[in-house]
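All remarks here apply to the structure that follows.
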Amino acid sequence: MKCTLTLITALWLATLAAFAEASTPEVNLIADPGFEEQPGAPRGSWLGTQNAGKPVFERSAERPHSGRCAAKMVCRSGDVYARWVYRAPDLFATVKRGDRLKLSFWYRASAALGDALVMISQDAPPGYAQYPLTPLKATGNAWVRYEAVFTVADHPTGGGEVQLRGTTDRTGDQEVSFDDVSLVVVGNEQPRRDVVVLGDAALGLTGVYHPDGRITFDDRPIKEWEFMATGTGVSGLTVSFPDEMVMQVNHSASIDESGQLRALARLHLDLGGRPFATATNFRMEHDLRRSVIRAFAQTSNGLVRVEIRAHVPDDIIRLDIIDERKTPEPLTMRLEEDAPSSVTVASDGSVRLWHENPAGTVAPIKRESPARAAEVQANNRPWLAGRTFGLAIGVNGAVPAVAERTLTLPAAARHSLLLAGVSTLRGRDAFTAAAAGRLRQALGDGPEGFVAAHETWWRDFWARASFEPDDKDGSLLRQKAAFDLYRYYLACCAGERRETPVRFQIDLFRYHLRYNSWMTGLICAVEQYQSFYVLPWSQGKSFYQLNAQQTELYAVWPAKLVLRGETDRDRALRSYRDRLFQHSFHAWDLDVVFAACLGLREEVAQWHDRHFSRTFVLPCGLARETAQNNPAAPSLPECPSLQGMGTGVLPVLEMLLQDYPDELVVLPCWPEDVAVDFTLYSPYAGRVEIHYRPGSTLRVATQREIRVRTGVGGPVTLQVKRLNPETDGLGKGK
């Protein structure tokens with residue numbers, strides 16, 4: 001009886017606690033939500049301000065949403081970042097790291113030029129964190145409710161502000177009113193240790209990286225930056241599902257006569273019944289180990305699946321759409337282009353969308369800045385003149401019906417398409433022959449042979465380099481994610497057939513058809529210039545100012561001229577402590593790399609996760625650096641970047657292995673209490689395999705003879721051996 005009463009009492013107390021928690025009222029952090037108070041209110045106040053121009057701010061009694069007035073602003077062209085700002089010294093005094101905040105208000109806007117931004121003061125440099133939120137929409141004369149939720153990433157120090165912006169860097173005529181502003185804490189998310197969240201929930205969909213090398217989306221990606229990406233090393237693609245399936249295909253040498261980088265095409269695909277838009281459940285998965293993107297759309301009539309593989313050896317993309325509904329329906333595919341192209345249908349039913357640069361004319365190109373060349377340089381003209389690039393589409397099965405730029409395939413349980421991105425010299429005939437040959441080879445291999453060769457290539461790829469930390473609490477999972485993501489995406493854009501250099505401003509993963517003037521060769525030259533001549537903050541253009549690089553530390557990395565002698569290391573450490581730019585708030589930031597080179601374990605542990613979060617910003621795991629912003633989401637890049645990803649993975653590599661012509665230093669900055677297995681390549685030692693267990697085992701195997709030492713202390717015996725070419729490996733646990 002006593003046990004029963006105890007159980008009932010416990011359940012009753014739990015119920016009361018749950019009820020009390022659920023009934024806790026949400027406290028609005030904004031003391032003047034309706035703009036009823038005048039400036040100078042005791043706890044906080046609203047103020048109209050701007051970066052440039054002369055917008056008009058007023059508390060207007062003209063049709064407020066509620067109360068006596070609303071905040072109104074009238075903007076004209078030239079008004080930059082015109083905004084109502086709410087500031088209070090204790091605005092975030094009760095907010096903790098991991099809290100989820102919901103900002104909501106009512107607004108009416110004549111144009112879609114603004115957004116909202118929350119800035120929270122914090123101890124970590126640069127002293128604040130900014131959370132740009134969803135853009136406004138044009139509402140005419142109607143009041144519309146705005147709502148955005150975001151998670152606080154760092155520890156607040158109390159102060160901060162809320163900005164309701166009628167313009168951002170996009171200026172123009174706009175009248176906008178705001179009313180009934182609410183900022184409340186709606187929950188708390190402690191950092192997950194079993195997975196890594198990719199992207200920013202305030203901007204929409206986030207991705208989830210799993211330790212087995214998978215990225216998952218648990219909802220339908222509808223915004224242009226919500227995509228998954230893969231590539232063959234020469235051709236690349238992004239895929240999302242804003243309504244129908246949208247897949248953009250790019251190519252490293254699709255550069256037209258004016259020097260502009262073009263997308264090959266954007267493909268809009270859908271089945272009858274619109275299963276992707278009407279799905280009752282939708283999810284996506286990108287398996288990095290097997291390099292396959294899958295989408296699953298569950299409908300009331302059955303499942304529709306999508307599989308995408310980019311075959312590196314043959315430079316062919318295979319798309320399979322499996323229609324498991326009770327009654328399959330026809331597939332339509334509409335081709336969209338970013339410049340005039342021609343469409344032809346070959347005798348075998350394959351379709352080509354192509355553009356030919358005029359053989360005798362390579363036009364000048366107007367540059368955005370006088371710092372850039374005025375026209376395409378003469379020595380590039382032969383490379384561009386007569387170049388023909390485009391997309392060849394082959395169908396494994398029925399021949400499509402083609403009308404204008406739309407292909408239609410009859411209903412089938414499975415639709416299989418082959419896509420070949422082609423760029424050749426010597427005109428259309430060479431393009432046609434290359435496209436036909438590539439499609440013919442892929443069709444000859446058959447579906448099973450294609451998949452088998454594809455998976456074999458990726459299995460061999462991951463066997464050549466791997467990284468498996470054995471951290472029980474998941475504290476090093478971001479390091480593993482950085483390793484996997486950078487290695488995968490670099491392979492997707494660095495094929496042997498590539499004519500242009502592997503560009504850090506990663507052209508293969510462009511996800512829109514907006515004009516992109518940052519041509520591969522040009523921007524590489526700009527970066528080389530900056531590495532030698534860093535312009536002062538007060539002089540250069542914006543893309544110079546923001547790309548400030550810590551050149552005074554290049555002797556630390558990558559030159560590594562001062563790391564092995566104690567005296568020189570002390571000099572390097574002093575240079576690091578006294579550096580000009582410390583933890584700059586952008587992704588082109590080498591602080592963590594320098595710290596790893598110097599063996600500063602605590603500093604790496606403190607800064608790596610923050611650096612990861614502001615670098616790997618897209619839900620697919622691709623990164624940003626200091627570059628052009630997406631107009632619809634200024635905190636995201638116009639094009640993803642491998643350069644930013646490099647700054648995310650380099651500290652990991654420097655923590656694991658530092659190599660010199662005469663010796664290897666293994667685990668120079670690795671946490672001594674964490675086991676790890678990895679395989680990496682050294683130009684001096686060849687293949688290097690490490691098996692480390694704290695307090696007992698550190699085995700190193702190298703392909704070539706070299707001296708080995710370690711940064712790990714404690715009772716660990718270092719064992720060094722040469723790899724056996726027959727077995728080629730230590731094997732875990734041996």
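FYI, nothing fancy with the structure tokens labels: chains A, B, ... in order, residues from 1 per chain, ligands from 1 as they appear.
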
inquiry  = I want to know what sits within 12 Å of Asp429 of chain A, based on only C-alpha atoms, with residues of the same chain fewer than 4 positions away left out; could you give that as a PyMOL selection string?
reply    = chain A and resi 354+356+386-389+423-425+433-436

Would you output that residue set with N, CA and C atoms, as a tab-separated table (two decimals), in the first residue's frame?
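Once written, result-v4.tsv looks like this:
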chain	number	residue	atom	x	y	z
A	354	TRP	N	22.74	23.51	-75.72
A	354	TRP	CA	24.14	23.88	-75.90
A	354	TRP	C	24.27	25.34	-76.35
A	356	GLU	N	27.34	27.90	-78.28
A	356	GLU	CA	28.62	27.96	-78.99
A	356	GLU	C	29.13	29.40	-78.99
A	386	GLY	N	35.04	29.84	-80.16
A	386	GLY	CA	34.64	28.55	-80.71
A	386	GLY	C	34.31	27.50	-79.68
A	387	ARG	N	34.50	27.79	-78.40
A	387	ARG	CA	34.18	26.81	-77.35
A	387	ARG	C	32.67	26.57	-77.34
A	388	THR	N	32.29	25.30	-77.24
A	388	THR	CA	30.88	24.92	-77.18
A	388	THR	C	30.65	24.13	-75.90
A	389	PHE	N	29.67	24.55	-75.13
A	389	PHE	CA	29.39	23.86	-73.86
A	389	PHE	C	27.89	23.67	-73.72
A	423	SER	N	32.11	20.47	-72.37
A	423	SER	CA	32.65	21.74	-72.86
A	423	SER	C	33.87	21.41	-73.70
A	424	THR	N	33.82	21.77	-74.99
A	424	THR	CA	34.90	21.41	-75.91
A	424	THR	C	35.28	22.60	-76.78
A	425	LEU	N	36.47	22.54	-77.34
A	425	LEU	CA	36.89	23.47	-78.38
A	425	LEU	C	36.49	22.89	-79.75
A	433	ALA	N	30.05	15.02	-80.85
A	433	ALA	CA	30.76	13.73	-80.78
A	433	ALA	C	31.09	13.37	-79.34
A	434	ALA	N	31.55	14.35	-78.56
A	434	ALA	CA	31.91	14.08	-77.16
A	434	ALA	C	30.68	13.68	-76.36
A	435	ALA	N	29.57	14.40	-76.56
A	435	ALA	CA	28.35	14.08	-75.82
A	435	ALA	C	27.84	12.69	-76.16
A	436	ALA	N	27.83	12.35	-77.46
A	436	ALA	CA	27.34	11.03	-77.87
A	436	ALA	C	28.21	9.92	-77.31

Restrict the calculation to only C-alpha atoms, then for each residue of segment 597-682 of chain A with any atom at most 10 Å from an atom of segment 206-223 of chain A give the closest atom pair and their distance in Å to one decimal, rows by chain and rising residue number, as a tab-separated table.
residue	atom	partner	partner_atom	distance
A:Val617	CA	A:Thr206	CA	9.3
A:Leu618	CA	A:Thr206	CA	7.8
A:Pro619	CA	A:Gly207	CA	4.4
A:Cys620	CA	A:Gly207	CA	6.0
A:Gly621	CA	A:Gly207	CA	7.6
A:Ala632	CA	A:Lys223	CA	9.5

Can you write just those residues out, N, CA and C atoms, as a tab-separated table (two decimals), in the first residue's frame?
chain	number	residue	atom	x	y	z
A	617	VAL	N	27.86	26.89	-43.05
A	617	VAL	CA	26.59	27.57	-42.80
A	617	VAL	C	25.43	27.04	-43.63
A	618	LEU	N	25.69	26.29	-44.69
A	618	LEU	CA	24.61	25.79	-45.53
A	618	LEU	C	24.16	24.43	-45.03
A	619	PRO	N	22.87	24.10	-45.15
A	619	PRO	CA	22.38	22.84	-44.57
A	619	PRO	C	22.99	21.59	-45.20
A	620	CYS	N	23.57	21.70	-46.41
A	620	CYS	CA	24.22	20.54	-47.02
A	620	CYS	C	25.64	20.36	-46.51
A	621	GLY	N	26.17	21.32	-45.74
A	621	GLY	CA	27.52	21.22	-45.22
A	621	GLY	C	28.53	22.06	-45.95
A	632	ALA	N	18.67	37.25	-50.77
A	632	ALA	CA	17.52	36.86	-49.96
A	632	ALA	C	17.90	36.46	-48.54

Those in segment 321-502 of chain A with alpha helix (DSSP H) from DSSP, as a compact mmCIF listing (two decimals) with N, CA and C atoms, in the first residue's frame:
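Saved the output as out15.txt:
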# COMPACT_ATOMS: atom_id res chain seq x y z
N ARG A 381 41.65 34.51 -75.44
CA ARG A 381 40.70 34.50 -76.55
C ARG A 381 40.69 33.17 -77.31
N PRO A 382 41.84 32.58 -77.64
CA PRO A 382 41.78 31.29 -78.34
C PRO A 382 41.10 30.21 -77.50
N TRP A 383 41.21 30.31 -76.18
CA TRP A 383 40.62 29.30 -75.31
C TRP A 383 39.10 29.43 -75.26
N LEU A 384 38.59 30.65 -75.49
CA LEU A 384 37.15 30.88 -75.44
C LEU A 384 36.50 30.85 -76.82
N GLY A 427 34.17 23.80 -81.86
CA GLY A 427 32.81 23.97 -82.33
C GLY A 427 31.82 22.87 -82.02
N ARG A 428 30.67 22.96 -82.69
CA ARG A 428 29.54 22.12 -82.39
C ARG A 428 29.80 20.65 -82.70
N ASP A 429 30.49 20.35 -83.77
CA ASP A 429 30.71 18.95 -84.14
C ASP A 429 31.49 18.21 -83.05
N ALA A 430 32.52 18.88 -82.52
CA ALA A 430 33.29 18.25 -81.45
C ALA A 430 32.43 18.04 -80.21
N PHE A 431 31.57 19.02 -79.90
CA PHE A 431 30.65 18.90 -78.77
C PHE A 431 29.71 17.71 -78.97
N THR A 432 29.14 17.60 -80.15
CA THR A 432 28.19 16.52 -80.44
C THR A 432 28.84 15.15 -80.31
N ALA A 433 30.05 15.02 -80.85
CA ALA A 433 30.76 13.73 -80.78
C ALA A 433 31.09 13.37 -79.34
N ALA A 434 31.55 14.35 -78.56
CA ALA A 434 31.91 14.08 -77.16
C ALA A 434 30.68 13.68 -76.36
N ALA A 435 29.57 14.40 -76.56
CA ALA A 435 28.35 14.08 -75.82
C ALA A 435 27.84 12.69 -76.16
N ALA A 436 27.83 12.35 -77.46
CA ALA A 436 27.34 11.03 -77.87
C ALA A 436 28.21 9.92 -77.31
N GLY A 437 29.52 10.11 -77.32
CA GLY A 437 30.42 9.08 -76.82
C GLY A 437 30.25 8.84 -75.33
N ARG A 438 30.07 9.91 -74.57
CA ARG A 438 29.92 9.76 -73.13
C ARG A 438 28.61 9.05 -72.79
N LEU A 439 27.53 9.44 -73.44
CA LEU A 439 26.25 8.79 -73.17
C LEU A 439 26.26 7.33 -73.61
N ARG A 440 26.88 7.06 -74.75
CA ARG A 440 26.93 5.69 -75.27
C ARG A 440 27.68 4.78 -74.30
N GLN A 441 28.78 5.26 -73.75
CA GLN A 441 29.55 4.44 -72.81
C GLN A 441 28.75 4.14 -71.55
N ALA A 442 28.08 5.17 -71.01
CA ALA A 442 27.31 4.97 -69.78
C ALA A 442 26.13 4.03 -70.02
N LEU A 443 25.45 4.17 -71.15
CA LEU A 443 24.34 3.27 -71.46
C LEU A 443 24.82 1.85 -71.66
N GLY A 444 26.02 1.70 -72.24
CA GLY A 444 26.58 0.37 -72.45
C GLY A 444 26.92 -0.35 -71.16
N ASP A 445 27.30 0.40 -70.14
CA ASP A 445 27.63 -0.22 -68.85
C ASP A 445 26.40 -0.81 -68.17
N GLY A 446 25.21 -0.27 -68.49
CA GLY A 446 23.99 -0.75 -67.86
C GLY A 446 23.84 -0.21 -66.45
N PRO A 447 22.61 -0.22 -65.90
CA PRO A 447 22.37 0.35 -64.57
C PRO A 447 23.21 -0.29 -63.47
N GLU A 448 23.30 -1.63 -63.48
CA GLU A 448 24.04 -2.31 -62.42
C GLU A 448 25.54 -2.01 -62.52
N GLY A 449 26.07 -2.04 -63.76
CA GLY A 449 27.49 -1.76 -63.93
C GLY A 449 27.83 -0.33 -63.54
N PHE A 450 26.96 0.61 -63.86
CA PHE A 450 27.18 2.01 -63.50
C PHE A 450 27.28 2.16 -61.99
N VAL A 451 26.31 1.62 -61.26
CA VAL A 451 26.28 1.75 -59.80
C VAL A 451 27.48 1.04 -59.18
N ALA A 452 27.82 -0.15 -59.68
CA ALA A 452 28.95 -0.91 -59.11
C ALA A 452 30.26 -0.15 -59.28
N ALA A 453 30.51 0.39 -60.49
CA ALA A 453 31.74 1.14 -60.72
C ALA A 453 31.78 2.41 -59.88
N HIS A 454 30.64 3.05 -59.73
CA HIS A 454 30.54 4.27 -58.93
C HIS A 454 30.88 3.99 -57.46
N GLU A 455 30.27 2.96 -56.89
CA GLU A 455 30.51 2.67 -55.48
C GLU A 455 31.91 2.15 -55.24
N THR A 456 32.50 1.43 -56.19
CA THR A 456 33.88 0.98 -56.05
C THR A 456 34.83 2.17 -55.99
N TRP A 457 34.59 3.17 -56.86
CA TRP A 457 35.46 4.35 -56.86
C TRP A 457 35.44 5.05 -55.51
N TRP A 458 34.23 5.23 -54.96
CA TRP A 458 34.14 5.94 -53.68
C TRP A 458 34.64 5.09 -52.52
N ARG A 459 34.50 3.79 -52.57
CA ARG A 459 35.05 2.93 -51.52
C ARG A 459 36.57 3.04 -51.49
N ASP A 460 37.20 3.03 -52.67
CA ASP A 460 38.65 3.19 -52.74
C ASP A 460 39.07 4.58 -52.28
N PHE A 461 38.25 5.58 -52.61
CA PHE A 461 38.56 6.96 -52.23
C PHE A 461 38.63 7.11 -50.72
N TRP A 462 37.62 6.62 -49.99
CA TRP A 462 37.60 6.78 -48.55
C TRP A 462 38.64 5.90 -47.86
N ALA A 463 39.06 4.82 -48.52
CA ALA A 463 40.10 3.97 -47.91
C ALA A 463 41.45 4.66 -47.89
N ARG A 464 41.65 5.64 -48.79
CA ARG A 464 42.96 6.31 -48.85
C ARG A 464 43.14 7.34 -47.75
N LEU A 477 33.03 15.55 -32.67
CA LEU A 477 32.27 15.16 -33.85
C LEU A 477 32.30 16.25 -34.93
N ARG A 478 32.41 17.52 -34.53
CA ARG A 478 32.52 18.57 -35.53
C ARG A 478 33.82 18.45 -36.31
N GLN A 479 34.89 18.03 -35.63
CA GLN A 479 36.15 17.82 -36.35
C GLN A 479 36.00 16.72 -37.39
N LYS A 480 35.29 15.66 -37.03
CA LYS A 480 35.06 14.57 -37.99
C LYS A 480 34.18 15.05 -39.14
N ALA A 481 33.17 15.85 -38.83
CA ALA A 481 32.31 16.39 -39.88
C ALA A 481 33.11 17.27 -40.83
N ALA A 482 33.99 18.12 -40.29
CA ALA A 482 34.81 18.99 -41.13
C ALA A 482 35.69 18.16 -42.06
N PHE A 483 36.27 17.08 -41.55
CA PHE A 483 37.12 16.20 -42.35
C PHE A 483 36.31 15.57 -43.49
N ASP A 484 35.18 14.98 -43.15
CA ASP A 484 34.37 14.28 -44.16
C ASP A 484 33.84 15.24 -45.22
N LEU A 485 33.32 16.38 -44.78
CA LEU A 485 32.71 17.31 -45.72
C LEU A 485 33.73 17.90 -46.68
N TYR A 486 34.86 18.33 -46.16
CA TYR A 486 35.87 18.94 -47.03
C TYR A 486 36.43 17.91 -48.00
N ARG A 487 36.73 16.72 -47.50
CA ARG A 487 37.30 15.69 -48.38
C ARG A 487 36.30 15.31 -49.48
N TYR A 488 35.04 15.19 -49.12
CA TYR A 488 34.03 14.80 -50.12
C TYR A 488 33.86 15.87 -51.18
N TYR A 489 33.60 17.10 -50.76
CA TYR A 489 33.31 18.15 -51.73
C TYR A 489 34.53 18.53 -52.56
N LEU A 490 35.72 18.40 -52.00
CA LEU A 490 36.92 18.65 -52.80
C LEU A 490 37.02 17.62 -53.92
N ALA A 491 36.71 16.35 -53.62
CA ALA A 491 36.73 15.32 -54.67
C ALA A 491 35.68 15.61 -55.74

request  = Find the residues near Leu563 of chain A: any atom within 10 Å, counting only C-alpha atoms, skip ones fewer than 6 places away on the same chain, and give them as a list in words.
outcome  =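 Here the qualifying residues turn out to be Ala555, Val556, Trp557, Arg569, Asp570, Arg571, Ala572, Leu573, Cys597, Leu598 and Gly599 of chain A.
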
Write out as a JSON list (two decimals) with C-alpha atoms, in the first residue's frame each polymer residue whose atoms come within 6 Å of Gly159 of chain A, counting only C-alpha atoms; drop sequence neighbours fewer than 6 positions from it.
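Wrote it out as selection-v7.json, contents follow:
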[["chain", "number", "residue", "atom", "x", "y", "z"],
["A", 89, "PRO", "CA", 21.32, 47.17, -21.46],
["A", 90, "ASP", "CA", 19.55, 44.19, -19.88],
["A", 91, "LEU", "CA", 17.59, 43.01, -22.91],
["A", 92, "PHE", "CA", 19.08, 39.49, -22.75],
["A", 121, "SER", "CA", 26.22, 40.98, -26.77]]

inquiry  = I'd like the interatomic distance between atom CA of Ala412 of chain A and atom CA of Pro330 of chain A, to a tenth of an Å.
reply    =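 So the answer is 7.0 Å.
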
remark   = The residue from A:Asp256, A:Asp609, A:Glu226, A:Glu329 with the smallest atom-to-atom distance to Arg274 of chain A, counting only C-alpha atoms, is A:Glu329

inquiry  = Need to verify the contact set: Leu103 of chain A, 6 Å, only C-alpha atoms, exclusion of same-chain residues closer than 2 positions in sequence. Can you return it as a PyMOL selection string?
reply    = chain A and resi 147-148+182-183
